[in-house]
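Report on the structure given below.
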Amino acid sequence: MVSISYYFAKLLLKVQIPALKDCQIDKTSHVAAQCHLVDSVVGRYSDVGYNCQIVATSIGSFCSLGANVRIGGAAHPMDRVSTSQVFIDEPNSLKARFAPRPYNGFKKTVIGNDVWIGDNVLVKGGIQVGTGAVLGMGSVVTKDVPPYAVVAGNPAKIIRHR
């Protein structure tokens with residue numbers, strides 16, 4: 001027997017709307033609660049699971065993303081005196097800037113059509129995931145994934161092709 005607290009918890013989860021900034025979400029697609037999407041596009045009939053963080057990413061049509069997926073995010077410059085954000089010419093949480101120089105740490109990530117991304121997958125910014133690929137649960141994707149490849153692991157490696 002399922003208790004009333006279970007249904008109440010499910011209701012609370014549903015009312016937490018996703019946070020979207022500078023995004024284009026197709027009207028046929030769904031972005032679940034607790035998601036945070038920035039500068040991203042979600043194609044037709046794609047489904048983004050709970051608690052996903054997606055930055056500077058284009059997601060194709062008919063894609064399925066599990067819960068807790070992380071795609072993109074900022075990189076730090078490794079060719080400077082420091083990788084600290086105080087040496088980048090942008091506002092930062094430390095509220096300080098020392099010899100700031102411009103740096104664009106966001107690389108566009110492209111997810112093809114009909115891609116299945118399992119729960120808890122991490123995809124590095126700037127990666128290209130080909131059409132029909134499958135990213136196994138918990139994978140850490142640091143390199144491009146060819147079309148119809150099934151990858152898994154840390155770092156993700158090709159297991160087979162669909």
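In the structure tokens, the first chain shown is A, the next is B, and so on; residue numbers restart at 1 for each chain, and ligands run from 1 in the order shown.
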
Selection near Ile127 in chain A, 7 Å with only C-alpha atoms, sequence-local residues under 3 positions removed, as a PDB file with N, CA, C and O atoms, in the first residue's frame:
ATOM      1  N   THR A 109      28.172  22.178 -27.351  1.00  0.00           N
ATOM      2  CA  THR A 109      28.041  20.723 -27.404  1.00  0.00           C
ATOM      3  C   THR A 109      26.878  20.390 -28.324  1.00  0.00           C
ATOM      4  O   THR A 109      25.846  21.056 -28.276  1.00  0.00           O
ATOM      5  N   VAL A 110      27.029  19.370 -29.161  1.00  0.00           N
ATOM      6  CA  VAL A 110      25.975  18.991 -30.095  1.00  0.00           C
ATOM      7  C   VAL A 110      25.602  17.525 -29.865  1.00  0.00           C
ATOM      8  O   VAL A 110      26.456  16.638 -29.955  1.00  0.00           O
ATOM      9  N   LYS A 124      31.385  16.323 -21.361  1.00  0.00           N
ATOM     10  CA  LYS A 124      32.247  17.505 -21.396  1.00  0.00           C
ATOM     11  C   LYS A 124      31.777  18.479 -22.473  1.00  0.00           C
ATOM     12  O   LYS A 124      31.317  18.065 -23.541  1.00  0.00           O
ATOM     13  N   LYS A 143      35.190  12.542 -25.159  1.00  0.00           N
ATOM     14  CA  LYS A 143      35.550  12.588 -26.575  1.00  0.00           C
ATOM     15  C   LYS A 143      34.293  12.426 -27.411  1.00  0.00           C
ATOM     16  O   LYS A 143      33.287  11.884 -26.947  1.00  0.00           O
ATOM     17  N   ASP A 144      34.368  12.849 -28.676  1.00  0.00           N
ATOM     18  CA  ASP A 144      33.234  12.717 -29.584  1.00  0.00           C
ATOM     19  C   ASP A 144      32.788  11.263 -29.673  1.00  0.00           C
ATOM     20  O   ASP A 144      33.601  10.336 -29.596  1.00  0.00           O
TER      21      ASP A 144
END

Considering only C-alpha atoms, return as a list of chain:residue names whatever protein or nucleic-acid residues lie within 6 Å of Ala133 in chain A, sequence-local ones (same chain, fewer than 6 positions apart) excluded.
-> A:Val115, A:Pro147, A:Tyr148, A:Ala149, A:Val150

File dump, residues just selected, all heavy atoms, as an mmCIF file, in the first residue's frame:
data_model
loop_
_atom_site.group_PDB
_atom_site.id
_atom_site.type_symbol
_atom_site.label_atom_id
_atom_site.label_comp_id
_atom_site.auth_asym_id
_atom_site.auth_seq_id
_atom_site.Cartn_x
_atom_site.Cartn_y
_atom_site.Cartn_z
ATOM 1 N N VAL A 115 19.197 10.176 -29.734
ATOM 2 C CA VAL A 115 20.268 9.804 -28.805
ATOM 3 C C VAL A 115 19.638 9.470 -27.456
ATOM 4 O O VAL A 115 18.750 10.178 -26.984
ATOM 5 C CB VAL A 115 21.296 10.943 -28.659
ATOM 6 C CG1 VAL A 115 22.305 10.645 -27.562
ATOM 7 C CG2 VAL A 115 22.005 11.173 -29.986
ATOM 8 N N PRO A 147 28.138 8.232 -34.725
ATOM 9 C CA PRO A 147 26.743 7.825 -34.857
ATOM 10 C C PRO A 147 26.547 6.343 -34.548
ATOM 11 O O PRO A 147 27.377 5.510 -34.899
ATOM 12 C CB PRO A 147 26.421 8.119 -36.330
ATOM 13 C CG PRO A 147 27.390 9.186 -36.718
ATOM 14 C CD PRO A 147 28.643 8.895 -35.931
ATOM 15 N N TYR A 148 25.464 6.049 -33.860
ATOM 16 C CA TYR A 148 25.006 4.693 -33.535
ATOM 17 C C TYR A 148 25.965 3.893 -32.654
ATOM 18 O O TYR A 148 25.842 2.684 -32.532
ATOM 19 C CB TYR A 148 24.635 3.916 -34.801
ATOM 20 C CG TYR A 148 23.513 4.598 -35.541
ATOM 21 C CD1 TYR A 148 23.785 5.433 -36.621
ATOM 22 C CD2 TYR A 148 22.205 4.468 -35.116
ATOM 23 C CE1 TYR A 148 22.763 6.108 -37.275
ATOM 24 C CE2 TYR A 148 21.175 5.139 -35.766
ATOM 25 C CZ TYR A 148 21.456 5.952 -36.835
ATOM 26 O OH TYR A 148 20.454 6.637 -37.473
ATOM 27 N N ALA A 149 26.923 4.569 -32.030
ATOM 28 C CA ALA A 149 27.818 3.892 -31.093
ATOM 29 C C ALA A 149 27.147 3.784 -29.725
ATOM 30 O O ALA A 149 26.412 4.672 -29.309
ATOM 31 C CB ALA A 149 29.136 4.649 -30.969
ATOM 32 N N VAL A 150 27.419 2.691 -29.039
ATOM 33 C CA VAL A 150 26.984 2.509 -27.656
ATOM 34 C C VAL A 150 28.238 2.634 -26.808
ATOM 35 O O VAL A 150 29.187 1.859 -26.979
ATOM 36 C CB VAL A 150 26.326 1.131 -27.442
ATOM 37 C CG1 VAL A 150 25.933 0.931 -25.990
ATOM 38 C CG2 VAL A 150 25.120 0.964 -28.361
#

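By only C-alpha atoms, and with residues fewer than 5 positions from range 45-49 of chain A along its chain excluded, the set lying at most 8 Å from it is Asp26, Thr28, Ser29, His30, Val31, Ala32, Ala33, Cys35, Gly60, Ser61, Phe62, Cys63, Ser64, Leu65, Gly66, Ala67, Asn68 and Val69 of chain A.
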
If you measure from CA of Arg97 in chain A to CA of Val38 in chain A, what distance in Å do you get, rounded to one decimal?
-> 24.2 Å

Extract, using only C-alpha atoms, all DNA, RNA and protein residues at most 9 Å from range 56-59 of chain A, discarding same-chain residues fewer than 4 positions from it, and format them as an NGL selection string.
-> :A and (37-43 or 46 or 63 or 71-73 or 106-113 or 115 or 125-126)

Which parts of chain A does DSSP call helix (DSSP H, G or I) when run on the backbone here, written out as a VMD selection string?
-> chain A and resid 4 to 15 85 to 87

Residues from last step as file, N, CA, C and O atoms, as a JSON list (two decimals), in the first residue's frame:
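Output (selection.json):
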[["chain", "number", "residue", "atom", "x", "y", "z"],
["A", 4, "ILE", "N", 0.20, 8.23, 1.67],
["A", 4, "ILE", "CA", -0.12, 9.59, 1.20],
["A", 4, "ILE", "C", 1.15, 10.43, 1.09],
["A", 4, "ILE", "O", 1.25, 11.30, 0.23],
["A", 5, "SER", "N", 2.15, 10.15, 1.93],
["A", 5, "SER", "CA", 3.40, 10.93, 1.88],
["A", 5, "SER", "C", 4.14, 10.69, 0.56],
["A", 5, "SER", "O", 4.81, 11.59, 0.05],
["A", 6, "TYR", "N", 4.00, 9.50, 0.00],
["A", 6, "TYR", "CA", 4.61, 9.21, -1.29],
["A", 6, "TYR", "C", 4.01, 10.12, -2.36],
["A", 6, "TYR", "O", 4.73, 10.74, -3.14],
["A", 7, "TYR", "N", 2.67, 10.19, -2.41],
["A", 7, "TYR", "CA", 2.01, 11.03, -3.40],
["A", 7, "TYR", "C", 2.30, 12.51, -3.18],
["A", 7, "TYR", "O", 2.46, 13.27, -4.12],
["A", 8, "PHE", "N", 2.41, 12.93, -1.93],
["A", 8, "PHE", "CA", 2.74, 14.32, -1.62],
["A", 8, "PHE", "C", 4.15, 14.65, -2.11],
["A", 8, "PHE", "O", 4.38, 15.70, -2.71],
["A", 9, "ALA", "N", 5.10, 13.74, -1.90],
["A", 9, "ALA", "CA", 6.47, 13.96, -2.36],
["A", 9, "ALA", "C", 6.52, 14.05, -3.89],
["A", 9, "ALA", "O", 7.25, 14.87, -4.46],
["A", 10, "LYS", "N", 5.77, 13.19, -4.57],
["A", 10, "LYS", "CA", 5.72, 13.23, -6.03],
["A", 10, "LYS", "C", 5.12, 14.55, -6.52],
["A", 10, "LYS", "O", 5.60, 15.13, -7.49],
["A", 11, "LEU", "N", 4.10, 15.05, -5.84],
["A", 11, "LEU", "CA", 3.48, 16.31, -6.20],
["A", 11, "LEU", "C", 4.47, 17.46, -6.03],
["A", 11, "LEU", "O", 4.59, 18.33, -6.91],
["A", 12, "LEU", "N", 5.21, 17.47, -4.93],
["A", 12, "LEU", "CA", 6.22, 18.52, -4.71],
["A", 12, "LEU", "C", 7.27, 18.51, -5.80],
["A", 12, "LEU", "O", 7.73, 19.56, -6.25],
["A", 13, "LEU", "N", 7.68, 17.33, -6.24],
["A", 13, "LEU", "CA", 8.67, 17.23, -7.31],
["A", 13, "LEU", "C", 8.12, 17.84, -8.61],
["A", 13, "LEU", "O", 8.82, 18.56, -9.31],
["A", 14, "LYS", "N", 6.87, 17.56, -8.91],
["A", 14, "LYS", "CA", 6.25, 18.05, -10.15],
["A", 14, "LYS", "C", 6.11, 19.57, -10.18],
["A", 14, "LYS", "O", 6.17, 20.17, -11.24],
["A", 15, "VAL", "N", 5.89, 20.20, -9.03],
["A", 15, "VAL", "CA", 5.67, 21.65, -9.04],
["A", 15, "VAL", "C", 6.97, 22.44, -9.10],
["A", 15, "VAL", "O", 6.94, 23.66, -9.28],
["A", 85, "GLN", "N", 39.32, 31.85, -11.64],
["A", 85, "GLN", "CA", 38.38, 32.74, -12.33],
["A", 85, "GLN", "C", 38.69, 34.22, -12.11],
["A", 85, "GLN", "O", 38.17, 35.06, -12.85],
["A", 86, "VAL", "N", 39.52, 34.56, -11.16],
["A", 86, "VAL", "CA", 39.85, 35.98, -10.94],
["A", 86, "VAL", "C", 40.75, 36.54, -12.04],
["A", 86, "VAL", "O", 40.95, 37.74, -12.12],
["A", 87, "PHE", "N", 41.29, 35.67, -12.90],
["A", 87, "PHE", "CA", 42.12, 36.12, -14.02],
["A", 87, "PHE", "C", 41.36, 36.12, -15.34],
["A", 87, "PHE", "O", 41.96, 36.17, -16.41]]

Pull the strand (DSSP E or B) assignments for range 19-162 of chain A out of DSSP run on the backbone, and list those residues as a PyMOL selection string.
-> chain A and resi 19-21+24-25+30-31+36-38+41-42+47-48+53-55+57-59+64-65+70-71+88+101+109-111+116-117+122-123+128-129+134-135+140-141+145+149-152+157-161

Just to be explicit: take each residue in the selection above, keep C-alpha atoms, and write the result as a CSV table (one decimal), in the first residue's frame.
chain,number,residue,atom,x,y,z
A,19,ALA,CA,15.1,27.0,-14.8
A,20,LEU,CA,15.6,28.0,-18.5
A,21,LYS,CA,17.8,30.9,-19.7
A,24,GLN,CA,14.6,27.2,-27.3
A,25,ILE,CA,12.5,24.2,-26.3
A,30,HIS,CA,9.5,17.9,-22.2
A,31,VAL,CA,12.0,19.3,-19.7
A,36,HIS,CA,18.8,24.0,-15.3
A,37,LEU,CA,19.3,24.8,-19.0
A,38,VAL,CA,21.3,27.8,-20.3
A,41,VAL,CA,18.2,24.1,-27.8
A,42,VAL,CA,16.0,21.0,-27.4
A,47,ASP,CA,12.6,14.3,-23.2
A,48,VAL,CA,15.0,15.7,-20.5
A,53,GLN,CA,22.1,20.7,-16.0
A,54,ILE,CA,22.7,21.6,-19.6
A,55,VAL,CA,24.8,24.5,-20.8
A,57,THR,CA,24.1,22.5,-26.0
A,58,SER,CA,22.0,21.7,-29.0
A,59,ILE,CA,19.9,18.5,-28.5
A,64,SER,CA,15.8,10.7,-24.3
A,65,LEU,CA,17.9,12.0,-21.3
A,70,ARG,CA,25.3,17.1,-16.9
A,71,ILE,CA,26.2,18.4,-20.3
A,88,ILE,CA,39.2,36.0,-16.4
A,101,ARG,CA,41.9,38.9,-19.9
A,109,THR,CA,28.0,20.7,-27.4
A,110,VAL,CA,26.0,19.0,-30.1
A,111,ILE,CA,23.8,16.0,-29.4
A,116,TRP,CA,19.6,8.0,-25.5
A,117,ILE,CA,21.6,9.3,-22.5
A,122,LEU,CA,28.6,13.6,-17.6
A,123,VAL,CA,29.3,15.1,-21.1
A,128,GLN,CA,29.7,15.9,-30.5
A,129,VAL,CA,27.4,12.9,-30.0
A,134,VAL,CA,23.6,5.5,-26.6
A,135,LEU,CA,25.5,6.9,-23.6
A,140,VAL,CA,31.9,10.2,-18.4
A,141,VAL,CA,32.1,11.3,-22.0
A,145,VAL,CA,30.9,9.7,-30.0
A,149,ALA,CA,27.8,3.9,-31.1
A,150,VAL,CA,27.0,2.5,-27.7
A,151,VAL,CA,29.5,3.9,-25.1
A,152,ALA,CA,29.9,3.4,-21.4
A,157,LYS,CA,34.5,3.8,-24.5
A,158,ILE,CA,32.7,2.2,-27.5
A,159,ILE,CA,31.1,-1.1,-26.5
A,160,ARG,CA,29.4,-1.8,-29.7
A,161,HIS,CA,27.3,-0.2,-32.5

Non-local contacts of Pro102 in chain A (8 Å; only C-alpha atoms; under 2 positions in same chain excluded) as an MDAnalysis selection string | chainID A and resid 88:90 100 104

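Between CA of Gln34 in chain A and CA of Cys52 in chain A there is a distance of 7.1 Å.
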